[in-house]
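**Q** First the structure, which I've put down as structure tokens, then a few questions once you've had a look.
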Amino acid sequence: MTQHVVPSVRIEAIDRLFRELTWNGQKHAMQTLTRPEIGLTLPQMVTLLAIHDSGRCRMGDLADATMQSGGTLTGIVDRLIADGLVERVRSASDRRVIEVALTEIGRARVEEVTFARQNNMERVLSAFSERQAEQFEQLLTRFLQGLQSAMEVDENEPTTAQEVAV
């Protein structure tokens, strides 16, 4: 892929827009989640969606997927269990291992969240033509790939002045 030098004024504008998108996206998600028929917090939604995507999973894997500490995640899962959305089950491959899985109610709640998010996105994108929406998707995909590449580079770089000196 060809690399281009982007003028600093453009970088500043895109960074500002990205911060605004992130902030407004979180506020929008919170409005959706706090609807009475959904009634979830953002960490609960992230956890439910991660469990949904993996089927059943160990708490350690879930902590990695959701980027939450084990202690925080235990509290979230306990609340989801109390609400009947998640259950702890023994692993089919190793009976000593406990995994978490969605209940039927949990799957229905994920469907409600997904439906609400899709409706919200349809409203947000209603001003776009089909072609504009396609281009926007392509540009966002490219931006996401750039973020992921930058994160991989950051993970391999030294994090302290001492490490650089060694």
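Residue numbering restarts at 1 in every chain; chains get A, B, ... in the order shown in the structure tokens, and ligands count up from 1 in that same order.
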Using backbone DSSP assignments, extract all strand (DSSP E or B) residues from chain A; output them as a PyMOL selection string.
**A** chain A and resi 56-57+86-90+98-102
**Q** Could you write out the selected residues, including N, CA and C atoms, as an mmCIF file, in the first residue's frame?
**A**
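result.cif written:
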```cif
data_model
loop_
_atom_site.group_PDB
_atom_site.id
_atom_site.type_symbol
_atom_site.label_atom_id
_atom_site.label_comp_id
_atom_site.auth_asym_id
_atom_site.auth_seq_id
_atom_site.Cartn_x
_atom_site.Cartn_y
_atom_site.Cartn_z
ATOM 1 N N ARG A 56 -19.684 -19.845 23.799
ATOM 2 C CA ARG A 56 -19.381 -20.078 25.217
ATOM 3 C C ARG A 56 -17.919 -19.737 25.389
ATOM 4 N N CYS A 57 -17.563 -19.207 26.543
ATOM 5 C CA CYS A 57 -16.152 -18.880 26.724
ATOM 6 C C CYS A 57 -15.770 -18.859 28.195
ATOM 7 N N VAL A 86 -27.218 -14.477 31.298
ATOM 8 C CA VAL A 86 -26.017 -15.306 31.146
ATOM 9 C C VAL A 86 -26.066 -16.401 32.198
ATOM 10 N N GLU A 87 -25.406 -17.520 31.903
ATOM 11 C CA GLU A 87 -25.290 -18.594 32.874
ATOM 12 C C GLU A 87 -23.874 -19.154 32.851
ATOM 13 N N ARG A 88 -23.476 -19.710 33.978
ATOM 14 C CA ARG A 88 -22.196 -20.417 34.052
ATOM 15 C C ARG A 88 -22.480 -21.879 33.759
ATOM 16 N N VAL A 89 -21.661 -22.463 32.889
ATOM 17 C CA VAL A 89 -21.846 -23.868 32.501
ATOM 18 C C VAL A 89 -20.491 -24.567 32.492
ATOM 19 N N ARG A 90 -20.522 -25.868 32.704
ATOM 20 C CA ARG A 90 -19.287 -26.651 32.641
ATOM 21 C C ARG A 90 -18.911 -26.868 31.176
ATOM 22 N N ILE A 98 -15.218 -23.914 33.970
ATOM 23 C CA ILE A 98 -16.513 -23.234 33.944
ATOM 24 C C ILE A 98 -16.466 -22.172 32.849
ATOM 25 N N GLU A 99 -17.489 -22.150 32.029
ATOM 26 C CA GLU A 99 -17.606 -21.160 30.957
ATOM 27 C C GLU A 99 -18.875 -20.352 31.174
ATOM 28 N N VAL A 100 -18.986 -19.246 30.462
ATOM 29 C CA VAL A 100 -20.215 -18.463 30.494
ATOM 30 C C VAL A 100 -20.862 -18.545 29.120
ATOM 31 N N ALA A 101 -22.185 -18.559 29.133
ATOM 32 C CA ALA A 101 -22.951 -18.654 27.894
ATOM 33 C C ALA A 101 -24.227 -17.820 28.037
ATOM 34 N N LEU A 102 -24.759 -17.398 26.914
ATOM 35 C CA LEU A 102 -26.022 -16.665 26.933
ATOM 36 C C LEU A 102 -27.178 -17.616 27.208
#
```
**Q** Which of chain A counts as alpha helix (DSSP H) under DSSP, as JSON, numbers by chain please?
**A** {"A": [8, 9, 10, 11, 12, 13, 14, 15, 16, 17, 18, 19, 20, 21, 22, 23, 24, 25, 26, 27, 28, 29, 30, 31, 32, 33, 42, 43, 44, 45, 46, 47, 48, 49, 50, 51, 52, 53, 54, 59, 60, 61, 62, 63, 64, 65, 66, 70, 71, 72, 73, 74, 75, 76, 77, 78, 79, 80, 81, 82, 104, 105, 106, 107, 108, 109, 110, 111, 112, 113, 114, 115, 116, 117, 118, 119, 120, 121, 122, 123, 124, 125, 130, 131, 132, 133, 134, 135, 136, 137, 138, 139, 140, 141, 142, 143, 144, 145, 146, 147, 148, 149, 150, 151, 152, 153, 154, 155, 156, 161, 162, 163, 164, 165]}
**Q** So how many Å separate atom CA of Asp64 of chain A and atom CA of Leu48 of chain A, to one decimal?
**A**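 A separation of 13.9 Å between them.
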**Q** So that I can check the surroundings of Leu49 of chain A, please list as a PyMOL selection string every protein, DNA and RNA residue that reaches within 10 Å of it, counting only C-alpha atoms and ignoring chain neighbours fewer than 6 positions away.
**A** chain A and resi 43+55+66+102+106-107+109-111+113-114
**Q** For Phe18 of chain A, work out the shell of residues within 12 Å, counting only C-alpha atoms and skipping chain neighbours fewer than 4 positions away, then give it as a ChimeraX atom specification.
**A** /A:11-14,22-25,140,143-144,147
**Q** Just C-alpha atoms for this one: save the residues we selected as an mmCIF file, in the first residue's frame.
**A**
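Okay, part-v1.cif is ready:
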```
data_model
loop_
_atom_site.group_PDB
_atom_site.id
_atom_site.type_symbol
_atom_site.label_atom_id
_atom_site.label_comp_id
_atom_site.auth_asym_id
_atom_site.auth_seq_id
_atom_site.Cartn_x
_atom_site.Cartn_y
_atom_site.Cartn_z
ATOM 1 C CA ILE A 11 -4.469 15.299 10.676
ATOM 2 C CA GLU A 12 -5.695 17.738 13.337
ATOM 3 C CA ALA A 13 -9.124 18.003 11.700
ATOM 4 C CA ILE A 14 -9.482 14.221 11.362
ATOM 5 C CA THR A 22 -16.157 8.486 19.515
ATOM 6 C CA TRP A 23 -17.789 10.714 22.123
ATOM 7 C CA ASN A 24 -21.089 11.064 20.274
ATOM 8 C CA GLY A 25 -21.096 7.379 19.368
ATOM 9 C CA LEU A 140 -13.865 3.581 7.478
ATOM 10 C CA PHE A 143 -9.088 3.875 8.614
ATOM 11 C CA LEU A 144 -9.688 0.857 10.855
ATOM 12 C CA LEU A 147 -5.515 1.957 13.394
#
```
